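Written below as structure tokens is the structure these notes are about.
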Amino acid sequence: MATQALRDQKLDSFPNGVYDDISVADSLMPQGAVRHAVNVRFNSPRGAISQRYGTTVLGDQAGASGADILGIHNFRSPTSANNKLICASNTVIRYLNGSTWTNIVTGLTTGLKTRFITYLNRVALLNGTDGVRSWDGNAGTWLTTGGPLDVANWPVTKLAVLLNGRVLALGNSTDPAQIYESSLQSAGAISWTSGNRNTQVFTNDGNGDLVSAVSNGRVAILFKERAQYRYDGNSLQFIVPVGTTSHESVITDDEGVTYFFGQGGSSVGFYATTGGYPKKISRPIQKWINAISPAFYDDIAGYTDGNSVYWSIGSVTVDGTTYTNASVAYNFTDRTWECRNHADSFLVYAQYITSTGAMTVVGGDTDGYIQTMDSGNTDNGTNINIECETGPDFFTGRGRMKLIPEIITHCTDVQNLNVLARVDGVLKPVGGITGEDTLFQNADLRGRRFNFKLVGSNSGTPFIFNGFSFPVIYDEGYGF
């Protein structure tokens, strides 16, 4: 068969994020998806491949060197001077005082995840072992007795939410299926000894302990390790045997609740629910899900920036490469996935409103620092390494031999990016991108199946990669 020339071909639209090769076959690969990507985004602008932003340290070191940050909370008060960002590390609670983290609670049991809840203009501290205490954000000490939250009588629990004017506390070590409910607020205070009540959540149903709860103020979704329930303050319903092992993985966003479930090989993954039967949303990145260590299941932590939900997943090995501080992100507007790897490991996150009113997200790392997420061009001074491999392209028939003599790349803010091509499974270097439009004249790629790959390491302005152009592709027929 005579050689045919296909002119002015292009590969320049990537709006559909990552679909790995165990989630979908080549024949069903969505147009505009990529096979593998780390530290790039697909929605800024949508359809391009752009590098993510980095992380920057907030204040000085919040915890001891090598110590995990195990809780963060942004306390908001009617008195703006009392607004405080709080963190838990080792045996202490600290707050951000200008640019310095200052002790406000000492002597706690070490190594416990710490959760906070704000109600009646006070913040309460819960870790499941130490007595509950509260604070109004002023310079004084935290209360261990009295106050509007009646902390001396608050049952020792791991977390709490608000529901219909009551505080629901759960995660008691001696009664792990029980919800403790405070009284309704009266005269600016609640009670745990008068007007209070308790609710058992299907004791001994085989679904593990109560791990998490979220509430919209009127209805609460409760999670055991292997089940989900709904509670409105009067009636309790079993919903589905898909719970969570990590309270920090449960995130509320514009479309409901997303969370991690880690029980059983075929069911492990991330799920979304609006209170009914959840939907598994993580199938496109099943390789990354399979790589999560079960030992990390109860440490998976997430946050939302209003467009996407991000979860840290620990150290994973994917396609022979180990990513020591990996995370995945689901864009709930575009229904797309990204994968990331940071220089630091994060165990907790919280939204933080800065002194200028800017809404940010901060993460607590395993070396005693609080860092602002998606801020700056490096990970706390470390270059951001990127890689992105497109889906397979056959241009004509899958079995037909093609020759690609030249490639043009289109990129804004070029930053040490190199191009490779995977031709029939063999990775070949093409060259370094040097400008907004870079012509590689001697690519000379011959094969049937082509994937194109970007790799780089950057500490400068994040790049935006707009695609590939192919001035001519020669179809040489089947050629067997």
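Chain labels run A, B, ... following the order of the structure tokens; each chain numbers its residues from 1, and ligands are numbered from 1 in the order shown.
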Could I get the residues of segment 202-306 of chain A with an atom no further than 12 Å from an atom of segment 20-32 of chain A, each paired with its nearest atom pair and that distance in Å to one decimal, using only C-alpha atoms, sorted by chain and residue number, as a tab-separated table?
```
residue	atom	partner	partner_atom	distance
A:Ile281	CA	A:Ser23	CA	11.8
A:Ser282	CA	A:Ser23	CA	9.5
A:Arg283	CA	A:Ser23	CA	6.0
A:Pro284	CA	A:Ser23	CA	5.3
A:Ile285	CA	A:Asp20	CA	5.7
A:Gln286	CA	A:Ser23	CA	5.9
A:Lys287	CA	A:Ile22	CA	6.6
A:Trp288	CA	A:Asp20	CA	8.7
A:Ile289	CA	A:Ser23	CA	10.8
A:Asn290	CA	A:Ile22	CA	10.4
```
Per residue of segment 280-302 of chain A within 8 Å of segment 345-358 of chain A, note the shortest atom pair and the distance in Å to one decimal, counting only C-alpha atoms, and order the rows by chain and increasing residue number, as JSON lines.
```
{"residue": "A:Asp299", "atom": "CA", "partner": "A:Leu347", "partner_atom": "CA", "distance": 6.4}
{"residue": "A:Ile300", "atom": "CA", "partner": "A:Leu347", "partner_atom": "CA", "distance": 7.1}
{"residue": "A:Ala301", "atom": "CA", "partner": "A:Val348", "partner_atom": "CA", "distance": 5.8}
{"residue": "A:Gly302", "atom": "CA", "partner": "A:Tyr349", "partner_atom": "CA", "distance": 6.6}
```
File of the preceding selection, N, CA and C atoms, as a compact mmCIF listing (two decimals), in the first residue's frame:
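The result, written out as out_36.txt:
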```txt
# COMPACT_ATOMS: atom_id res chain seq x y z
N ASP A 299 -5.02 6.91 58.32
CA ASP A 299 -4.33 8.21 58.30
C ASP A 299 -4.66 9.03 57.06
N ILE A 300 -5.47 8.51 56.16
CA ILE A 300 -5.82 9.27 54.97
C ILE A 300 -6.58 10.53 55.39
N ALA A 301 -6.12 11.67 54.90
CA ALA A 301 -6.69 12.96 55.29
C ALA A 301 -6.98 13.78 54.05
N GLY A 302 -8.02 14.59 54.11
CA GLY A 302 -8.41 15.36 52.94
C GLY A 302 -8.81 16.78 53.26
```
Residues within 10 Å of Gly460 of chain A, only C-alpha atoms, excluding chain neighbours under 5 positions, as a CSV table (one decimal) with N, CA, C and O atoms, in the first residue's frame:
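The resulting file, part_26.csv, is shown below:
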```csv
chain,number,residue,atom,x,y,z
A,53,TYR,N,0.7,24.4,42.1
A,53,TYR,CA,1.5,25.3,42.9
A,53,TYR,C,2.1,24.5,44.1
A,53,TYR,O,1.8,23.3,44.3
A,376,GLY,N,2.9,29.4,46.4
A,376,GLY,CA,4.3,29.5,46.0
A,376,GLY,C,4.6,28.5,44.9
A,376,GLY,O,3.8,27.7,44.5
A,377,ASN,N,5.9,28.5,44.5
A,377,ASN,CA,6.3,27.8,43.3
A,377,ASN,C,7.2,26.5,43.7
A,377,ASN,O,7.6,25.8,42.8
A,378,THR,N,7.4,26.3,45.0
A,378,THR,CA,8.2,25.1,45.5
A,378,THR,C,7.4,24.5,46.6
A,378,THR,O,6.5,25.1,47.2
A,383,ASN,N,12.2,21.7,44.7
A,383,ASN,CA,11.6,21.8,43.4
A,383,ASN,C,10.4,20.8,43.3
A,383,ASN,O,10.3,19.8,43.9
A,384,ILE,N,9.5,21.2,42.4
A,384,ILE,CA,8.3,20.4,42.1
A,384,ILE,C,8.6,19.5,40.9
A,384,ILE,O,8.9,20.1,39.8
A,413,ASP,N,5.4,29.8,29.8
A,413,ASP,CA,6.3,29.8,30.9
A,413,ASP,C,7.1,28.4,31.0
A,413,ASP,O,7.0,27.7,31.9
A,414,VAL,N,7.8,28.2,29.9
A,414,VAL,CA,8.6,27.0,29.8
A,414,VAL,C,9.6,26.9,31.0
A,414,VAL,O,10.3,27.8,31.3
A,415,GLN,N,9.6,25.7,31.6
A,415,GLN,CA,10.4,25.5,32.8
A,415,GLN,C,11.1,24.2,32.8
A,415,GLN,O,10.6,23.2,33.4
A,416,ASN,N,12.2,24.0,32.1
A,416,ASN,CA,13.0,22.8,32.2
A,416,ASN,C,12.2,21.6,31.9
A,416,ASN,O,12.2,20.5,32.6
```
Enumerate, in order of chain and increasing residue number, the residues of segment 323-367 of chain A with an atom no farther than 12 Å from segment 6-15 of chain A, each with its shortest atom pair and distance in Å to one decimal, counting only C-alpha atoms, as a Markdown table.
```
| residue | atom | partner | partner_atom | distance |
| --- | --- | --- | --- | --- |
| A:Asn331 | CA | A:Pro15 | CA | 11.1 |
| A:Thr333 | CA | A:Pro15 | CA | 11.6 |
| A:Asp334 | CA | A:Pro15 | CA | 8.1 |
| A:Arg335 | CA | A:Pro15 | CA | 9.8 |
| A:Thr336 | CA | A:Pro15 | CA | 7.9 |
| A:Trp337 | CA | A:Pro15 | CA | 10.2 |
| A:Glu338 | CA | A:Pro15 | CA | 11.2 |
```
Atoms kept (all heavy atoms) for selection, written as a compact mmCIF listing (two decimals), in the first residue's frame:
```txt
# COMPACT_ATOMS: atom_id res chain seq x y z
N ASN A 331 -11.75 16.59 41.07
CA ASN A 331 -12.44 17.83 40.74
C ASN A 331 -13.91 17.50 40.56
O ASN A 331 -14.29 16.85 39.59
CB ASN A 331 -11.85 18.45 39.47
CG ASN A 331 -12.46 19.79 39.14
OD1 ASN A 331 -13.65 19.89 38.87
ND2 ASN A 331 -11.65 20.84 39.15
N THR A 333 -16.37 19.41 39.90
CA THR A 333 -17.04 20.16 38.82
C THR A 333 -16.83 19.47 37.49
O THR A 333 -17.78 19.25 36.73
CB THR A 333 -16.51 21.60 38.76
OG1 THR A 333 -16.73 22.24 40.01
CG2 THR A 333 -17.20 22.37 37.66
N ASP A 334 -15.58 19.08 37.20
CA ASP A 334 -15.25 18.46 35.91
C ASP A 334 -15.28 16.94 35.95
O ASP A 334 -15.15 16.29 34.92
CB ASP A 334 -13.86 18.91 35.46
CG ASP A 334 -13.79 20.42 35.25
OD1 ASP A 334 -14.84 21.02 35.00
OD2 ASP A 334 -12.68 20.97 35.35
N ARG A 335 -15.38 16.35 37.17
CA ARG A 335 -15.36 14.88 37.34
C ARG A 335 -14.03 14.29 36.84
O ARG A 335 -14.00 13.29 36.13
CB ARG A 335 -16.53 14.22 36.61
CG ARG A 335 -17.91 14.72 36.99
CD ARG A 335 -18.28 14.29 38.41
NE ARG A 335 -19.68 14.50 38.69
CZ ARG A 335 -20.21 15.60 39.22
NH1 ARG A 335 -19.40 16.62 39.51
NH2 ARG A 335 -21.49 15.71 39.46
N THR A 336 -12.94 14.94 37.23
CA THR A 336 -11.63 14.49 36.78
C THR A 336 -10.72 14.25 37.98
O THR A 336 -10.92 14.80 39.06
CB THR A 336 -10.97 15.52 35.85
OG1 THR A 336 -10.88 16.79 36.53
CG2 THR A 336 -11.77 15.69 34.58
N TRP A 337 -9.66 13.45 37.74
CA TRP A 337 -8.71 13.10 38.79
C TRP A 337 -7.32 13.59 38.47
O TRP A 337 -6.92 13.63 37.30
CB TRP A 337 -8.66 11.57 38.97
CG TRP A 337 -9.82 11.04 39.74
CD1 TRP A 337 -11.00 10.56 39.25
CD2 TRP A 337 -9.92 10.93 41.17
NE1 TRP A 337 -11.82 10.17 40.26
CE2 TRP A 337 -11.19 10.37 41.46
CE3 TRP A 337 -9.07 11.23 42.23
CZ2 TRP A 337 -11.62 10.12 42.75
CZ3 TRP A 337 -9.49 10.98 43.52
CH2 TRP A 337 -10.76 10.44 43.78
N GLU A 338 -6.58 13.97 39.53
CA GLU A 338 -5.17 14.31 39.45
C GLU A 338 -4.42 13.48 40.50
O GLU A 338 -5.01 13.03 41.47
CB GLU A 338 -4.93 15.79 39.76
CG GLU A 338 -5.68 16.77 38.88
CD GLU A 338 -5.59 18.18 39.44
OE1 GLU A 338 -4.80 18.41 40.40
OE2 GLU A 338 -6.33 19.05 38.95
```
Give me every strand (DSSP E) residue in segment 245-473 of chain A, going by DSSP on the backbone, as a PyMOL selection string.
chain A and resi 251-253+256-261+269-273+279-280+301-304+308-318+321-331+336-341+346-353+359-365+370-373+384-390+401-404+407-412+417-423+426-432+437-440+445-447+450-458+464-473
Report, in Å to a single decimal, how far apart atom CA of Asn418 of chain A and atom CA of Cys388 of chain A are.
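Interatomic distance here is 10.7 Å.
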Contacts of Ile179 of chain A at 10 Å or less, counting only C-alpha atoms, minus same-chain residues fewer than 2 places along, as an mmCIF file with C-alpha atoms, in the first residue's frame?
```cif
data_model
loop_
_atom_site.group_PDB
_atom_site.id
_atom_site.type_symbol
_atom_site.label_atom_id
_atom_site.label_comp_id
_atom_site.auth_asym_id
_atom_site.auth_seq_id
_atom_site.Cartn_x
_atom_site.Cartn_y
_atom_site.Cartn_z
ATOM 1 C CA PRO A 155 -17.944 12.639 77.905
ATOM 2 C CA THR A 157 -14.810 11.354 73.020
ATOM 3 C CA ALA A 160 -18.215 16.031 67.852
ATOM 4 C CA VAL A 167 -23.686 18.742 70.362
ATOM 5 C CA LEU A 168 -23.268 15.104 69.287
ATOM 6 C CA ALA A 169 -20.089 13.578 70.705
ATOM 7 C CA LEU A 170 -18.818 10.155 69.620
ATOM 8 C CA GLY A 171 -15.766 7.932 69.754
ATOM 9 C CA ASN A 172 -15.769 6.920 73.403
ATOM 10 C CA ASP A 175 -18.792 2.627 74.498
ATOM 11 C CA PRO A 176 -17.736 2.996 70.842
ATOM 12 C CA ALA A 177 -21.271 2.635 69.408
ATOM 13 C CA GLU A 181 -26.056 14.318 72.989
ATOM 14 C CA SER A 182 -25.882 17.520 74.972
ATOM 15 C CA ARG A 197 -29.566 12.100 76.063
ATOM 16 C CA ASN A 198 -27.704 9.175 74.511
ATOM 17 C CA THR A 199 -28.278 7.134 71.359
ATOM 18 C CA GLN A 200 -26.863 3.718 70.529
ATOM 19 C CA VAL A 201 -25.903 3.190 66.872
ATOM 20 C CA LEU A 210 -18.007 4.820 65.244
ATOM 21 C CA LEU A 222 -22.482 8.703 60.819
#
```
DSSP helix (DSSP H, G or I) residues within segment 12-199 of chain A, as an MDAnalysis selection string:
chainID A and resid 26:28 80:82
Quick one: which segment 350-413 of chain A residues come within 12 Å of segment 309-312 of chain A, and what is the nearest atom pair for each with the distance in Å to one decimal, counting only C-alpha atoms, rows ordered by chain and ascending number, as a tab-separated table?
```
residue	atom	partner	partner_atom	distance
A:Ala350	CA	A:Tyr310	CA	11.9
A:Val361	CA	A:Tyr310	CA	11.0
A:Gly363	CA	A:Ser312	CA	10.3
A:Gly364	CA	A:Ser312	CA	11.5
A:Asp365	CA	A:Ser312	CA	10.9
A:Met373	CA	A:Tyr310	CA	10.6
A:Asp374	CA	A:Tyr310	CA	11.3
```
